[in-house]
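Note sheet for the following structure.
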Amino acid sequence: MAKQQPKPQPTWADVKAKLAAFDRTGLLELIHHLYAAHNDNQAFLHARFGLGQDVLEPYKKTIDRWLWPDVFRNQDTSVSQAKRAISDYRKAVGDPVGLAELMVFYCEQASGFCKDIGQQDEGYFDALVRMFEQALKSANTLPATDRDDLIARLDHVREISHAFGYGVGDDMDFLLAKYTRRSG
């Protein structure tokens with residue numbers, strides 16, 4: 001007997017073909033089920049349609065949870081989960097001001113956690129420096145009215161980071177000078 005070939009994984013094209021058969025009511029019902037299925041879907045739709053007081057709030061909560069966990073409850077950090085929140089927001093809206101805000105918030109949370117508990121994880125520091133650079137690049141694409149406050153907040157992160165060792169503060173000095181043409 002011949003061995004059966006495994007079925008290939010479904011792709012977006014397969015899903016799109018199925019969606020083409022939906023009428024408006026069926027499509028709304030499907031979106032309603034997706035909305036009810038997971039908080040991430042709700043956050044995505046709220047952000048996409050600009051619903052709620054602060055569309056950044058659920059993304060900030062996720063960043064906060066994974067970069068500044070409750071150590072008394074044995075929660076772990078996860079740089080990838082925190083970065084995923086930024087990526088999810090980018091997919092939902094992609095607003096440059098919101099993206100820059102989330103990146104700066106990431107840096108503030110990561111540096112605050114390190115300062116608060118004395119975090120000494122080189123990988124965590126490397127991720128912080130990489131996000132610091134991304135935040136600087138992103139902030140520099142914004143008008144001065146949006147940019148200046150973000151740069152000032154990043155400068156504060158840089159100041160805090162000098163206490164960490166591993167060259168974190170020095171790397172941030174270099175990056176701030178490179179992207180703002182100011183000495184740090």
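As shown in the structure tokens, the chain order sets the letters A, B, ...; within each chain, residues go from 1, and ligands are also counted from 1 in the order they appear.
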
Worksheet item: Leaving out Glu122 (chain A) and any residue of its chain fewer than 2 positions from it, which residues lie within 12 Å of it when counting only C-alpha atoms, given as JSON, numbers by chain?
Response: {"A": [114, 119, 120, 124, 125, 126, 127, 128, 129, 164, 165, 166, 167, 168]}

Output all heavy atoms for every residue in that selection, as a tab-separated table (two decimals), in the first residue's frame.
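Listing of part_30.tsv after writing:
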chain	number	residue	atom	x	y	z
A	114	CYS	N	15.32	46.90	35.54
A	114	CYS	CA	16.73	46.63	35.84
A	114	CYS	C	17.18	47.44	37.06
A	114	CYS	O	17.89	46.92	37.92
A	114	CYS	CB	17.60	46.97	34.64
A	114	CYS	SG	17.37	45.85	33.25
A	119	GLN	N	18.58	43.73	37.79
A	119	GLN	CA	18.66	42.74	36.71
A	119	GLN	C	20.07	42.74	36.12
A	119	GLN	O	20.63	43.80	35.83
A	119	GLN	CB	17.62	43.10	35.65
A	119	GLN	CG	17.69	42.30	34.37
A	119	GLN	CD	17.00	40.97	34.46
A	119	GLN	OE1	17.22	40.22	35.39
A	119	GLN	NE2	16.18	40.65	33.49
A	120	GLN	N	20.64	41.58	35.91
A	120	GLN	CA	22.00	41.47	35.36
A	120	GLN	C	22.04	40.47	34.21
A	120	GLN	O	22.94	39.66	34.12
A	120	GLN	CB	22.98	41.04	36.46
A	120	GLN	CG	23.20	42.09	37.53
A	120	GLN	CD	23.91	43.32	36.98
A	120	GLN	OE1	24.96	43.23	36.36
A	120	GLN	NE2	23.31	44.48	37.20
A	124	TYR	N	19.04	40.60	28.05
A	124	TYR	CA	18.02	41.61	28.33
A	124	TYR	C	18.58	43.00	28.03
A	124	TYR	O	17.90	43.83	27.42
A	124	TYR	CB	17.61	41.49	29.80
A	124	TYR	CG	16.35	42.22	30.21
A	124	TYR	CD1	15.10	41.63	30.08
A	124	TYR	CD2	16.43	43.48	30.78
A	124	TYR	CE1	13.95	42.28	30.51
A	124	TYR	CE2	15.29	44.14	31.21
A	124	TYR	CZ	14.06	43.54	31.07
A	124	TYR	OH	12.93	44.19	31.49
A	125	PHE	N	19.84	43.25	28.43
A	125	PHE	CA	20.49	44.53	28.16
A	125	PHE	C	20.66	44.75	26.66
A	125	PHE	O	20.45	45.84	26.15
A	125	PHE	CB	21.85	44.61	28.85
A	125	PHE	CG	21.78	44.71	30.35
A	125	PHE	CD1	22.79	44.15	31.12
A	125	PHE	CD2	20.75	45.36	31.00
A	125	PHE	CE1	22.76	44.25	32.51
A	125	PHE	CE2	20.70	45.46	32.39
A	125	PHE	CZ	21.72	44.91	33.14
A	126	ASP	N	21.09	43.71	25.95
A	126	ASP	CA	21.27	43.82	24.50
A	126	ASP	C	19.96	44.20	23.82
A	126	ASP	O	19.93	45.05	22.93
A	126	ASP	CB	21.80	42.52	23.91
A	126	ASP	CG	23.25	42.24	24.27
A	126	ASP	OD1	23.95	43.16	24.74
A	126	ASP	OD2	23.68	41.07	24.11
A	127	ALA	N	18.87	43.55	24.25
A	127	ALA	CA	17.56	43.85	23.68
A	127	ALA	C	17.15	45.29	24.00
A	127	ALA	O	16.57	45.98	23.15
A	127	ALA	CB	16.51	42.87	24.21
A	128	LEU	N	17.48	45.75	25.21
A	128	LEU	CA	17.17	47.14	25.59
A	128	LEU	C	17.92	48.12	24.69
A	128	LEU	O	17.33	49.08	24.19
A	128	LEU	CB	17.51	47.37	27.06
A	128	LEU	CG	17.46	48.81	27.57
A	128	LEU	CD1	16.09	49.43	27.36
A	128	LEU	CD2	17.86	48.86	29.05
A	129	VAL	N	19.19	47.88	24.46
A	129	VAL	CA	19.98	48.79	23.62
A	129	VAL	C	19.44	48.78	22.18
A	129	VAL	O	19.34	49.83	21.53
A	129	VAL	CB	21.48	48.44	23.67
A	129	VAL	CG1	22.27	49.22	22.62
A	129	VAL	CG2	22.04	48.69	25.07
A	164	PHE	N	24.01	50.12	35.07
A	164	PHE	CA	23.87	48.69	34.82
A	164	PHE	C	25.18	47.96	34.54
A	164	PHE	O	25.26	46.75	34.68
A	164	PHE	CB	22.91	48.41	33.65
A	164	PHE	CG	21.54	49.00	33.81
A	164	PHE	CD1	20.76	49.26	32.71
A	164	PHE	CD2	21.03	49.29	35.06
A	164	PHE	CE1	19.50	49.79	32.84
A	164	PHE	CE2	19.77	49.83	35.20
A	164	PHE	CZ	19.00	50.09	34.09
A	165	GLY	N	26.18	48.68	34.07
A	165	GLY	CA	27.40	48.00	33.62
A	165	GLY	C	27.20	47.44	32.23
A	165	GLY	O	26.29	47.82	31.50
A	166	TYR	N	28.05	46.52	31.84
A	166	TYR	CA	28.00	45.85	30.52
A	166	TYR	C	28.07	46.84	29.35
A	166	TYR	O	27.74	46.49	28.23
A	166	TYR	CB	26.72	45.00	30.38
A	166	TYR	CG	26.63	43.86	31.34
A	166	TYR	CD1	25.98	44.03	32.58
A	166	TYR	CD2	27.17	42.62	31.05
A	166	TYR	CE1	25.89	42.99	33.48
A	166	TYR	CE2	27.07	41.56	31.96
A	166	TYR	CZ	26.44	41.76	33.17
A	166	TYR	OH	26.35	40.73	34.06
A	167	GLY	N	28.44	48.10	29.62
A	167	GLY	CA	28.54	49.09	28.55
A	167	GLY	C	27.21	49.61	28.05
A	167	GLY	O	27.15	50.28	27.02
A	168	VAL	N	26.11	49.32	28.76
A	168	VAL	CA	24.78	49.72	28.31
A	168	VAL	C	24.70	51.24	28.19
A	168	VAL	O	24.28	51.78	27.15
A	168	VAL	CB	23.68	49.18	29.25
A	168	VAL	CG1	22.30	49.70	28.86
A	168	VAL	CG2	23.69	47.66	29.26

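Residues in contact range of Leu67 (chain A), defined as at most 10 Å between only C-alpha atoms, with sequence neighbours fewer than 5 positions away removed, read A:Lys61, A:Thr62, A:Asp76, A:Thr77, A:Ser78, A:Val79, A:Ser80, A:Gln81, A:Ala82, A:Lys83, A:Tyr106, A:Cys107, A:Glu108, A:Gln109, A:Ala110, A:Ser111, A:Gly112, A:Phe113, A:Cys114, A:Tyr124.
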
Item to complete: For CA of Asp95 (chain A) and CA of Ala37 (chain A), determine how far apart the two atoms are, in Å to one decimal place.
Response: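 Computing the Euclidean distance for CA of Asp95 (chain A) and CA of Ala37 (chain A) yields 25.4 Å.
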
Discussion item. Using only C-alpha atoms, can you tell me which of A:Leu51, A:Leu56, A:Leu34, A:Met172 comes closest to Gly94 (chain A)?
Written reply: A:Leu56

Discussion item. Set the distance at 12 Å and use only C-alpha atoms: which residues neighbour Leu99 (chain A) once local chain neighbours fewer than 3 positions away are removed? I'd like the list as a VMD selection string.
Written reply: chain A and resid 47 55 to 56 59 to 60 83 85 to 96 102 to 106 131 134 to 139 141 to 142 146 150

Fill in: Option closest in space to Val71 (chain A), from A:Asp116, A:Asp121, A:Asp170, A:Asp155 [counting only C-alpha atoms]
A:Asp116

Item to complete: Taking the chain letters and numbering used in this document, name the residues of region 1-109 of chain A that DSSP puts in helix (DSSP H, G or I), as a ChimeraX atom specification.
Response: /A:12-19,24-37,39-49,57-67,71-73,79-92,96-109

Worksheet item: Which is closest to Lys178 (chain A) among A:Asn140, A:Gln42, A:Gln9, A:Gln53, if we use only C-alpha atoms?
Response: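 With only C-alpha atoms as the atom set, the closest residue is A:Asn140.
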
Worksheet item: If you measure from CA of Asp40 (chain A) to CA of Glu133 (chain A), what distance in Å do you get, rounded to one decimal?
Response: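 A separation of 26.8 Å between them.
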